>>> print(open('protein_38.txt').read())   # compact mmCIF, C-alpha atoms
# COMPACT_ATOMS: atom_id res chain seq x y z
CA MET W 254 -207.49 190.87 118.69
CA ALA W 255 -208.39 187.20 119.16
CA LEU W 256 -207.33 183.60 118.65
CA VAL W 257 -210.13 181.11 117.93
CA VAL W 258 -209.32 177.39 118.15
CA ILE W 259 -211.74 175.11 116.28
CA CYS W 260 -211.60 171.50 117.47
CA GLY W 261 -213.51 168.29 116.92
CA GLN W 262 -213.44 164.80 115.47
CA PRO W 263 -212.41 164.37 111.81
CA CYS W 264 -215.29 165.27 109.45
CA SER W 265 -217.34 166.97 112.16
CA GLY W 266 -218.03 170.26 110.36
CA LYS W 267 -215.07 172.26 111.67
CA SER W 268 -214.18 173.93 108.37
CA LYS W 269 -217.77 174.99 107.76
CA ALA W 270 -217.96 176.43 111.27
CA ALA W 271 -214.71 178.33 110.69
CA MET W 272 -216.02 179.67 107.38
CA CYS W 273 -219.35 180.79 108.88
CA LEU W 274 -217.63 182.53 111.77
CA ALA W 275 -215.06 184.19 109.51
CA GLU W 276 -217.74 185.49 107.13
CA ALA W 277 -219.83 186.85 110.00
CA LEU W 278 -216.82 188.69 111.41
CA LYS W 279 -215.83 190.13 108.03
CA GLU W 280 -219.38 191.35 107.38
CA SER W 281 -219.78 192.93 110.82
CA ASP W 282 -219.93 196.70 111.26
CA SER W 283 -216.38 196.76 112.54
CA LYS W 284 -215.12 194.93 109.40
CA GLN W 285 -212.77 192.66 111.31
CA GLN W 286 -209.58 191.43 109.67
CA VAL W 287 -209.78 187.64 109.82
CA ARG W 288 -207.34 184.91 108.82
CA VAL W 289 -208.17 181.19 108.79
CA ILE W 290 -205.20 178.86 109.24
CA ASP W 291 -205.71 175.23 108.18
CA GLU W 292 -203.88 172.41 106.44
CA ALA W 293 -205.13 173.43 103.00
CA SER W 294 -203.83 177.00 103.34
CA LEU W 295 -200.38 175.56 104.02
CA HIS W 296 -200.65 173.03 101.16
CA LEU W 297 -200.60 170.04 103.53
CA ASP W 298 -202.35 166.77 102.68
CA ARG W 299 -204.44 165.54 105.62
CA ASN W 300 -203.69 161.84 105.15
CA GLU W 301 -199.96 162.43 104.79
CA SER W 302 -199.99 164.80 107.78
CA TYR W 303 -201.64 162.22 110.05
CA ALA W 304 -199.97 159.11 108.63
CA ASN W 305 -197.73 158.65 111.67
CA MET W 306 -196.73 160.44 114.86
CA PRO W 307 -193.65 162.27 113.47
CA ALA W 308 -195.73 163.62 110.56
CA GLU W 309 -198.51 164.67 112.92
CA LYS W 310 -196.04 166.35 115.26
CA ASN W 311 -194.57 168.22 112.32
CA LEU W 312 -198.06 169.34 111.23
CA ARG W 313 -198.82 170.77 114.66
CA GLY W 314 -195.46 172.53 114.64
CA VAL W 315 -196.12 174.12 111.24
CA LEU W 316 -199.60 175.28 112.27
CA ARG W 317 -198.31 176.66 115.56
CA SER W 318 -195.48 178.52 113.81
CA GLU W 319 -197.97 180.10 111.42
CA VAL W 320 -200.15 181.19 114.32
CA ASP W 321 -197.11 182.57 116.13
CA ARG W 322 -196.12 184.50 113.01
CA LEU W 323 -199.54 186.07 112.43
CA VAL W 324 -201.09 186.50 115.86
CA SER W 325 -201.36 190.14 116.92
CA LYS W 326 -203.75 192.72 118.35
CA ASP W 327 -204.83 193.72 114.83
CA ILE W 328 -206.30 190.47 113.49
CA ILE W 329 -208.56 187.57 114.44
CA ILE W 330 -206.92 184.19 113.81
CA ILE W 331 -209.10 181.09 113.40
CA VAL W 332 -207.21 177.79 113.65
CA ASP W 333 -209.24 175.26 111.67
CA SER W 334 -207.74 171.86 112.41
CA LEU W 335 -208.40 168.83 114.61
CA ASN W 336 -206.63 170.49 117.57
CA ASN W 337 -207.34 167.19 119.29
CA ILE W 338 -204.54 167.22 121.88
CA LYS W 339 -205.18 169.24 125.02
CA GLY W 340 -201.47 169.96 125.41
CA TYR W 341 -201.44 171.51 121.94
CA ARG W 342 -204.47 173.68 122.75
CA TYR W 343 -202.54 174.83 125.80
CA GLU W 344 -199.64 175.89 123.56
CA LEU W 345 -202.02 177.94 121.42
CA TRP W 346 -203.52 179.49 124.55
CA CYS W 347 -200.01 180.52 125.61
CA LEU W 348 -199.52 182.29 122.28
CA ALA W 349 -202.73 184.24 122.83
CA ARG W 350 -201.71 185.11 126.38
CA ALA W 351 -198.28 186.28 125.26
CA THR W 352 -199.96 188.62 122.75
CA GLY W 353 -202.57 189.89 125.23
CA ILE W 354 -205.71 189.12 123.20
CA ARG W 355 -209.04 187.29 123.50
CA TYR W 356 -209.12 183.52 123.17
CA CYS W 357 -211.87 180.95 122.80
CA VAL W 358 -212.45 177.35 121.72
CA VAL W 359 -215.23 176.22 119.37
CA HIS W 360 -215.98 172.50 119.65
CA CYS W 361 -217.92 170.70 116.90
CA ASP W 362 -219.44 167.92 119.01
CA VAL W 363 -220.56 165.16 116.62
CA GLU W 364 -221.04 161.46 117.33
CA GLU W 365 -218.48 159.14 115.77
CA GLY W 366 -221.07 157.43 113.58
CA HIS W 367 -222.08 160.69 111.92
CA CYS W 368 -218.43 161.66 111.36
CA ARG W 369 -217.74 158.25 109.81
CA LYS W 370 -220.75 158.62 107.51
CA TRP W 371 -219.77 162.13 106.43
CA ASN W 372 -216.23 160.93 105.69
CA GLU W 373 -217.59 158.17 103.45
CA GLU W 374 -219.91 160.62 101.67
CA ARG W 375 -217.00 162.93 100.98
CA ARG W 376 -215.05 160.03 99.51
CA GLU W 377 -217.96 159.16 97.22
CA ARG W 378 -218.12 162.77 96.01
CA GLY W 379 -214.37 162.83 95.37
CA GLU W 380 -213.77 165.43 98.09
CA ALA W 381 -210.96 165.52 100.63
CA ASN W 382 -211.40 162.68 103.13
CA TYR W 383 -209.50 160.52 105.59
CA ASP W 384 -208.31 156.99 104.97
CA ASP W 385 -210.26 154.58 107.17
CA THR W 386 -207.24 153.56 109.28
CA ILE W 387 -206.24 157.17 109.92
CA PHE W 388 -209.83 158.16 110.65
CA GLU W 389 -210.27 155.46 113.29
CA ASP W 390 -206.96 156.33 114.93
CA LEU W 391 -207.83 160.03 115.15
CA VAL W 392 -211.29 159.30 116.56
CA ARG W 393 -209.76 157.12 119.25
CA ARG W 394 -207.20 159.72 120.33
CA PHE W 395 -209.42 162.80 120.42
CA GLU W 396 -209.21 164.66 123.75
CA LYS W 397 -212.50 166.46 124.29
CA PRO W 398 -212.22 170.06 125.55
CA ASP W 399 -213.24 170.78 129.13
CA ARG W 400 -214.39 174.31 129.99
CA ARG W 401 -212.84 173.91 133.46
CA ASN W 402 -209.41 174.13 131.78
CA ARG W 403 -208.30 177.70 131.16
CA TRP W 404 -207.00 176.73 127.71
CA ASP W 405 -210.45 175.36 126.79
CA SER W 406 -212.36 178.39 128.06
CA PRO W 407 -214.54 180.08 127.05
CA LEU W 408 -215.94 177.06 125.20
CA PHE W 409 -218.63 177.33 122.53
CA GLU W 410 -220.16 173.98 121.56
CA LEU W 411 -221.79 173.17 118.21
CA TRP W 412 -223.89 170.13 117.31
CA PRO W 413 -223.82 170.22 113.49
CA HIS W 414 -225.65 166.90 113.01
CA LYS W 415 -228.56 168.21 115.10
CA ASP W 416 -228.75 171.98 114.65
CA GLY W 417 -226.71 172.65 111.53
CA ILE W 418 -224.03 175.33 111.62
CA GLU W 419 -225.19 178.46 109.78
CA LYS W 420 -227.89 179.35 112.31
CA SER W 421 -226.28 177.79 115.36
CA SER W 422 -226.66 179.87 118.52
CA SER W 423 -223.07 179.01 119.46
CA ILE W 424 -221.76 180.70 116.30
CA VAL W 425 -223.76 183.78 117.27
CA ASP W 426 -222.45 183.59 120.84
CA GLY W 427 -218.88 183.26 119.58
CA PHE W 428 -219.37 186.19 117.23
CA MET W 429 -220.69 188.36 120.08
CA TYR W 430 -217.80 187.37 122.32
CA LEU W 431 -215.22 188.29 119.68
CA THR W 432 -216.77 191.63 118.71
CA LYS W 433 -218.06 192.99 122.02
CA MET W 434 -216.54 196.27 123.12
CA VAL W 435 -214.61 195.96 126.37
CA ASP W 436 -214.32 198.56 129.13
CA SER W 437 -213.59 198.59 132.85
CA LYS W 438 -217.08 197.27 133.64
CA THR W 439 -217.00 194.31 131.25
CA ARG W 440 -217.06 190.97 133.05
CA ASP W 441 -218.08 188.42 130.40
CA VAL W 442 -215.15 188.97 128.01
CA LYS W 443 -211.62 188.09 129.07
CA ILE W 444 -208.51 189.60 127.57
CA LEU W 445 -205.56 187.36 128.38
CA GLN W 446 -202.70 189.13 130.10
CA PRO W 447 -199.07 188.25 129.37
CA SER W 448 -197.05 186.79 132.21
CA ILE W 449 -193.38 187.50 132.82
CA ALA W 450 -192.52 184.23 131.06
CA THR W 451 -194.60 184.90 127.93
CA GLN W 452 -194.57 188.65 127.35
CA ASN W 453 -192.54 190.09 124.51
CA ILE W 454 -189.37 191.74 125.73
CA ARG W 455 -188.98 195.47 125.16
CA TYR W 456 -185.34 196.01 124.33
CA SER W 457 -183.80 199.36 125.11
CA ASP W 458 -181.31 198.91 122.32
CA ALA W 459 -182.86 198.17 118.91
CA ASN W 460 -179.47 197.20 117.52
CA SER W 461 -179.11 194.48 120.18
CA LEU W 462 -182.39 192.91 119.11
CA TYR W 463 -181.41 193.06 115.44
CA GLU W 464 -178.02 191.45 116.04
CA LEU W 465 -179.51 188.78 118.32
CA ASP W 466 -182.19 187.82 115.83
CA LYS W 467 -179.80 187.82 112.88
CA ALA W 468 -177.13 185.80 114.67
CA THR W 469 -179.52 183.14 115.98
CA GLN W 470 -181.08 182.81 112.53
CA GLU W 471 -177.66 182.17 110.99
CA VAL W 472 -177.05 179.40 113.52
CA THR W 473 -180.49 177.93 112.84
CA ASN W 474 -179.84 177.94 109.08
CA ALA W 475 -176.50 176.20 109.61
CA ILE W 476 -178.18 173.46 111.65
CA VAL W 477 -180.87 172.91 109.00
CA GLU W 478 -178.19 172.63 106.30
CA ALA W 479 -176.08 170.24 108.37
CA GLN W 480 -179.08 168.04 109.15
CA SER W 481 -179.97 167.78 105.47
CA GLN W 482 -176.51 166.35 104.86
CA ALA W 483 -176.65 164.09 107.93
CA LEU W 484 -179.86 162.43 106.64
CA GLY W 485 -181.62 162.54 109.99
CA GLY W 486 -178.69 161.33 112.07
CA PRO W 487 -177.12 163.07 115.09
CA LEU W 488 -175.07 166.23 114.64
CA ASN W 489 -171.59 166.21 116.10
CA GLY W 490 -168.96 168.90 115.75
CA VAL W 491 -170.84 171.29 113.45
CA CYS W 492 -168.82 174.47 113.20
CA VAL W 493 -170.59 177.78 112.59
CA GLY W 494 -167.61 180.09 112.74
CA LYS W 495 -164.07 180.67 114.00
CA ASP W 496 -163.61 180.57 117.79
CA LEU W 497 -167.20 179.42 118.31
CA PRO W 498 -168.28 176.23 120.12
CA THR W 499 -169.30 173.31 117.94
CA ILE W 500 -172.92 172.22 117.80
CA ASN W 501 -173.73 168.72 119.05
CA MET W 502 -177.24 167.29 118.91
CA THR W 503 -178.20 163.72 119.73
CA ARG W 504 -181.16 163.71 117.33
CA SER W 505 -182.55 165.54 114.34
CA VAL W 506 -184.54 168.67 115.27
CA GLY W 507 -187.27 169.97 112.95
CA LEU W 508 -187.45 173.58 111.79
CA PRO W 509 -190.56 174.40 113.90
CA GLU W 510 -188.76 173.22 117.04
CA LEU W 511 -185.61 175.14 116.13
CA ARG W 512 -187.66 178.30 115.68
CA ARG W 513 -189.35 177.81 119.04
CA MET W 514 -185.97 177.38 120.71
CA GLN W 515 -184.71 180.49 118.94
CA ARG W 516 -187.66 182.56 120.19
CA THR W 517 -187.31 181.16 123.70
CA PHE W 518 -183.60 182.01 123.77
CA ILE W 519 -184.26 185.59 122.65
CA LYS W 520 -186.94 186.03 125.32
CA LEU W 521 -184.75 184.54 128.05
CA THR W 522 -181.83 186.76 127.02
CA GLY W 523 -184.07 189.82 127.13
CA GLN W 524 -185.49 188.93 130.54
CA THR W 525 -181.98 188.54 131.94
CA SER W 526 -181.05 191.95 130.57
CA LEU W 527 -183.84 193.64 132.55
CA SER W 528 -181.86 193.22 135.78
CA GLY W 529 -178.39 192.83 134.37
CA PRO W 530 -176.26 193.72 131.35
CA PRO W 531 -177.95 194.28 127.97
CA PRO W 532 -178.20 191.43 125.45
CA PRO W 533 -175.17 190.95 123.21
CA SER W 534 -174.82 193.66 120.60
CA ASP W 535 -172.32 191.78 118.41
CA ALA W 536 -173.06 188.72 116.30
CA HIS W 537 -170.16 186.64 117.62
CA SER W 538 -171.27 186.84 121.25
CA ALA W 539 -174.88 186.19 120.30
CA LYS W 540 -173.94 183.07 118.33
CA ARG W 541 -171.78 181.75 121.18
CA MET W 542 -174.60 182.18 123.70
CA PHE W 543 -177.18 180.57 121.39
CA ILE W 544 -174.94 177.58 120.61
CA ASP W 545 -174.30 177.05 124.33
CA TYR W 546 -178.06 177.17 124.91
CA LEU W 547 -178.74 174.64 122.12
CA ASN W 548 -176.07 172.27 123.37
CA ARG W 549 -177.54 172.37 126.87
CA GLU W 550 -181.08 171.77 125.61
CA ARG W 551 -180.46 169.22 122.85
CA GLY W 552 -176.85 168.19 123.17
CA ASN W 553 -175.14 165.22 124.77
>>> encode(input="protein_38.txt", output="structure tokens")
Amino acid sequence: MALVVICGQPCSGKSKAAMCLAEALKESDSKQQVRVIDEASLHLDRNESYANMPAEKNLRGVLRSEVDRLVSKDIIIIVDSLNNIKGYRYELWCLARATGIRYCVVHCDVEEGHCRKWNEERRERGEANYDDTIFEDLVRRFEKPDRRNRWDSPLFELWPHKDGIEKSSSIVDGFMYLTKMVDSKTRDVKILQPSIATQNIRYSDANSLYELDKATQEVTNAIVEAQSQALGGPLNGVCVGKDLPTINMTRSVGLPELRRMQRTFIKLTGQTSLSGPPPPSDAHSAKRMFIDYLNRERGN
């Protein structure tokens, strides 16, 4: 139904905005099904998650994977996180487009001084807060949304330190945008349309899809197991099965990235099958193709 991306500086009122919007949607006449995805729901500590760039990259990957898993035409997903990198907001926009749903960005626009003060007040109350070094780094790197970018549009802006959140007109505007009925005459609500590159592939053979998914998952599991034994080093000569190519990777690849590559491979295989032969219906062929793809993308 919709993907809502909440963004803003640390301690700018994002979680409260997400809560207000979620409650309004749940209490509406249509009784919308709403799910809020944030660090807390995934049991992630904010200071640990933003301690360094690899940890932050992993956090974004975990959040994106959760969105990818849940996003559909039957639920409204609210992503309550910093979402401070425009490239990452673009990735989320692509997920919404691939699903064919509404999308919008809610920006909590608060001056740095107010955010810094609210962070200190949270610390004094013993609530979740950011370490000073991490806070200053995140403030410096925040990429403000721009409504001229398609992945930042439509953009609803809040000013919590001036107007509060509960009665903000932008929350009302966002609520109206997400719940408005759409017909052929509607012009102010946009439903994203999948492109050839992002749409889900409709397989003519259900067994082919099952075998492809199962086989690629077995390869992914083997890589994860091998990397745990390699202690973060490169993978060379990992064997998945008899008469199959070995897996060679020059660096360690996290589970979120492996899952993205798995989904991309399945989509590419399905797109090829539209004008050519069907995707492999046996596990051995599927594994061989996936390993070749991985070696090309992440190999030597």
>>> residues_near_point(input="protein_38.txt", point="(-175.3, 172.9, 119.2)", cutoff="7 Å", atoms="all atoms listed in the file", output="PyMOL selection string")
chain W and resi 499-502+544-545+547-548+552
>>> closest_residue(input="protein_38.txt", among="W:Asp282, W:Asp405, W:Asp535, W:Asp426", to="Tyr356 (chain W)", atoms="all atoms listed in the file")
W:Asp405
>>> closest_residue(input="protein_38.txt", among="W:Lys415, W:Arg551, W:Arg512, W:Arg394", to="Lys339 (chain W)", atoms="all atoms listed in the file")
W:Arg394
>>> residues_near_point(input="protein_38.txt", point="(-201.4, 171.6, 122.8)", cutoff="12 Å", atoms="all atoms listed in the file", output="ChimeraX atom specification")
/W:258,260,310,313-314,316-317,335-348,396,398,404-405
>>> write_last_selection(input="protein_38.txt", atoms="C-alpha atoms", output="PDB file, keeping the file's coordinate frame")
ATOM      1  CA  VAL W 258    -209.320 177.390 118.150  1.00  0.00           C
ATOM      2  CA  CYS W 260    -211.600 171.500 117.470  1.00  0.00           C
ATOM      3  CA  LYS W 310    -196.040 166.350 115.260  1.00  0.00           C
ATOM      4  CA  ARG W 313    -198.820 170.770 114.660  1.00  0.00           C
ATOM      5  CA  GLY W 314    -195.460 172.530 114.640  1.00  0.00           C
ATOM      6  CA  LEU W 316    -199.600 175.280 112.270  1.00  0.00           C
ATOM      7  CA  ARG W 317    -198.310 176.660 115.560  1.00  0.00           C
ATOM      8  CA  LEU W 335    -208.400 168.830 114.610  1.00  0.00           C
ATOM      9  CA  ASN W 336    -206.630 170.490 117.570  1.00  0.00           C
ATOM     10  CA  ASN W 337    -207.340 167.190 119.290  1.00  0.00           C
ATOM     11  CA  ILE W 338    -204.540 167.220 121.880  1.00  0.00           C
ATOM     12  CA  LYS W 339    -205.180 169.240 125.020  1.00  0.00           C
ATOM     13  CA  GLY W 340    -201.470 169.960 125.410  1.00  0.00           C
ATOM     14  CA  TYR W 341    -201.440 171.510 121.940  1.00  0.00           C
ATOM     15  CA  ARG W 342    -204.470 173.680 122.750  1.00  0.00           C
ATOM     16  CA  TYR W 343    -202.540 174.830 125.800  1.00  0.00           C
ATOM     17  CA  GLU W 344    -199.640 175.890 123.560  1.00  0.00           C
ATOM     18  CA  LEU W 345    -202.020 177.940 121.420  1.00  0.00           C
ATOM     19  CA  TRP W 346    -203.520 179.490 124.550  1.00  0.00           C
ATOM     20  CA  CYS W 347    -200.010 180.520 125.610  1.00  0.00           C
ATOM     21  CA  LEU W 348    -199.520 182.290 122.280  1.00  0.00           C
ATOM     22  CA  GLU W 396    -209.210 164.660 123.750  1.00  0.00           C
ATOM     23  CA  PRO W 398    -212.220 170.060 125.550  1.00  0.00           C
ATOM     24  CA  TRP W 404    -207.000 176.730 127.710  1.00  0.00           C
ATOM     25  CA  ASP W 405    -210.450 175.360 126.790  1.00  0.00           C
TER      26      ASP W 405
END
>>> atom_distance(input="protein_38.txt", atom1="CA of Val363 (chain W)", atom2="CA of Arg288 (chain W)")
25.0 Å
>>> closest_residue(input="protein_38.txt", among="W:Glu365, W:Asp390, W:Asp327, W:Asp333", to="Met306 (chain W)", atoms="all atoms listed in the file")
W:Asp390
>>> closest_residue(input="protein_38.txt", among="W:Ser302, W:Met429, W:Lys269, W:Ile476", to="Asp441 (chain W)", atoms="only C-alpha atoms")
W:Met429
>>> closest_residue(input="protein_38.txt", among="W:Thr469, W:Thr352, W:Asn382, W:Gln446", to="Phe543 (chain W)", atoms="all atoms listed in the file")
W:Thr469
>>> residues_around(input="protein_38.txt", residues="Ala277 (chain W)", least_positions_apart="6", cutoff="10 Å", atoms="all atoms listed in the file", output="list in words")
Ala271, Lys284, Gln285, Glu419, Ile424, Val425 and Phe428 of chain W
>>> atom_distance(input="protein_38.txt", atom1="CA of Arg299 (chain W)", atom2="CA of Asn474 (chain W)")
27.8 Å
>>> residues_around(input="protein_38.txt", residues="Leu508 (chain W)", least_positions_apart="2", cutoff="12 Å", atoms="only C-alpha atoms", output="ChimeraX atom specification")
/W:310-312,314-315,317-318,470,473-478,480-481,505-506,510-515
>>> residues_around(input="protein_38.txt", residues="Arg541 (chain W)", least_positions_apart="5", cutoff="12 Å", atoms="all atoms listed in the file", output="PyMOL selection string")
chain W and resi 465+468-469+471-472+492-500+533+535-536+546-548
>>> residues_around(input="protein_38.txt", residues="Asp291 (chain W)", least_positions_apart="5", cutoff="9 Å", atoms="all atoms listed in the file", output="list in words")
Ser268, His296, Leu297, Leu316, Ile331, Val332, Asp333 and Ser334 of chain W
>>> write_last_selection(input="protein_38.txt", atoms="C-alpha atoms", output="mmCIF file, in the coordinates of the input")
data_model
loop_
_atom_site.group_PDB
_atom_site.id
_atom_site.type_symbol
_atom_site.label_atom_id
_atom_site.label_comp_id
_atom_site.auth_asym_id
_atom_site.auth_seq_id
_atom_site.Cartn_x
_atom_site.Cartn_y
_atom_site.Cartn_z
ATOM 1 C CA SER W 268 -214.180 173.930 108.370
ATOM 2 C CA HIS W 296 -200.650 173.030 101.160
ATOM 3 C CA LEU W 297 -200.600 170.040 103.530
ATOM 4 C CA LEU W 316 -199.600 175.280 112.270
ATOM 5 C CA ILE W 331 -209.100 181.090 113.400
ATOM 6 C CA VAL W 332 -207.210 177.790 113.650
ATOM 7 C CA ASP W 333 -209.240 175.260 111.670
ATOM 8 C CA SER W 334 -207.740 171.860 112.410
#
>>> closest_residue(input="protein_38.txt", among="W:Val442, W:Ile330, W:Ala539, W:Leu411", to="Lys467 (chain W)", atoms="all atoms listed in the file")
W:Ala539
>>> atom_distance(input="protein_38.txt", atom1="CA of Ser422 (chain W)", atom2="CA of Phe409 (chain W)")
9.3 Å
>>> build_atoms(input="protein_38.txt", residues="region 391-411 of chain W", atoms="N, CA, C and O atoms", output="CSV table (one decimal), in the coordinates of the input")
chain,number,residue,atom,x,y,z
W,391,LEU,N,-207.6,158.7,114.7
W,391,LEU,CA,-207.8,160.0,115.2
W,391,LEU,C,-209.1,160.1,116.1
W,391,LEU,O,-209.1,160.8,117.1
W,392,VAL,N,-210.1,159.3,115.7
W,392,VAL,CA,-211.3,159.3,116.6
W,392,VAL,C,-210.9,158.8,117.9
W,392,VAL,O,-211.4,159.3,119.0
W,393,ARG,N,-210.1,157.7,118.0
W,393,ARG,CA,-209.8,157.1,119.2
W,393,ARG,C,-208.9,158.1,120.1
W,393,ARG,O,-209.1,158.0,121.4
W,394,ARG,N,-208.1,158.9,119.6
W,394,ARG,CA,-207.2,159.7,120.3
W,394,ARG,C,-207.7,161.1,120.6
W,394,ARG,O,-207.0,161.9,121.2
W,395,PHE,N,-208.9,161.4,120.2
W,395,PHE,CA,-209.4,162.8,120.4
W,395,PHE,C,-209.6,163.1,121.9
W,395,PHE,O,-210.2,162.3,122.6
W,396,GLU,N,-209.1,164.2,122.4
W,396,GLU,CA,-209.2,164.7,123.8
W,396,GLU,C,-210.2,165.8,123.8
W,396,GLU,O,-209.9,166.9,123.4
W,397,LYS,N,-211.4,165.5,124.3
W,397,LYS,CA,-212.5,166.5,124.3
W,397,LYS,C,-212.2,167.7,125.2
W,397,LYS,O,-211.7,167.5,126.3
W,398,PRO,N,-212.5,168.9,124.7
W,398,PRO,CA,-212.2,170.1,125.6
W,398,PRO,C,-213.1,170.1,126.8
W,398,PRO,O,-214.2,169.6,126.8
W,399,ASP,N,-212.6,170.7,127.8
W,399,ASP,CA,-213.2,170.8,129.1
W,399,ASP,C,-213.2,172.2,129.6
W,399,ASP,O,-212.1,172.8,129.8
W,400,ARG,N,-214.4,172.9,129.7
W,400,ARG,CA,-214.4,174.3,130.0
W,400,ARG,C,-213.8,174.6,131.3
W,400,ARG,O,-213.5,175.8,131.6
W,401,ARG,N,-213.5,173.7,132.2
W,401,ARG,CA,-212.8,173.9,133.5
W,401,ARG,C,-211.4,174.2,133.3
W,401,ARG,O,-210.7,174.8,134.2
W,402,ASN,N,-210.8,173.8,132.1
W,402,ASN,CA,-209.4,174.1,131.8
W,402,ASN,C,-209.3,175.5,131.2
W,402,ASN,O,-210.1,175.9,130.3
W,403,ARG,N,-208.4,176.3,131.6
W,403,ARG,CA,-208.3,177.7,131.2
W,403,ARG,C,-208.0,177.8,129.7
W,403,ARG,O,-208.4,178.7,129.0
W,404,TRP,N,-207.3,176.7,129.1
W,404,TRP,CA,-207.0,176.7,127.7
W,404,TRP,C,-208.2,176.2,126.9
W,404,TRP,O,-208.1,176.2,125.6
W,405,ASP,N,-209.2,175.8,127.5
W,405,ASP,CA,-210.4,175.4,126.8
W,405,ASP,C,-211.6,176.3,127.1
W,405,ASP,O,-212.8,175.9,126.9
W,406,SER,N,-211.3,177.5,127.6
W,406,SER,CA,-212.4,178.4,128.1
W,406,SER,C,-212.1,179.8,127.6
W,406,SER,O,-210.9,180.2,127.5
W,407,PRO,N,-213.1,180.5,127.1
W,407,PRO,CA,-214.5,180.1,127.0
W,407,PRO,C,-214.7,179.1,125.9
W,407,PRO,O,-214.0,179.1,124.9
W,408,LEU,N,-215.7,178.2,126.1
W,408,LEU,CA,-215.9,177.1,125.2
W,408,LEU,C,-217.3,177.2,124.6
W,408,LEU,O,-218.3,177.3,125.3
W,409,PHE,N,-217.4,177.3,123.3
W,409,PHE,CA,-218.6,177.3,122.5
W,409,PHE,C,-218.8,176.0,121.8
W,409,PHE,O,-218.0,175.6,121.0
W,410,GLU,N,-219.9,175.3,122.1
W,410,GLU,CA,-220.2,174.0,121.6
W,410,GLU,C,-221.2,174.0,120.5
W,410,GLU,O,-222.3,174.6,120.6
W,411,LEU,N,-220.9,173.3,119.3
W,411,LEU,CA,-221.8,173.2,118.2
W,411,LEU,C,-222.2,171.7,118.1
W,411,LEU,O,-221.4,170.8,118.4
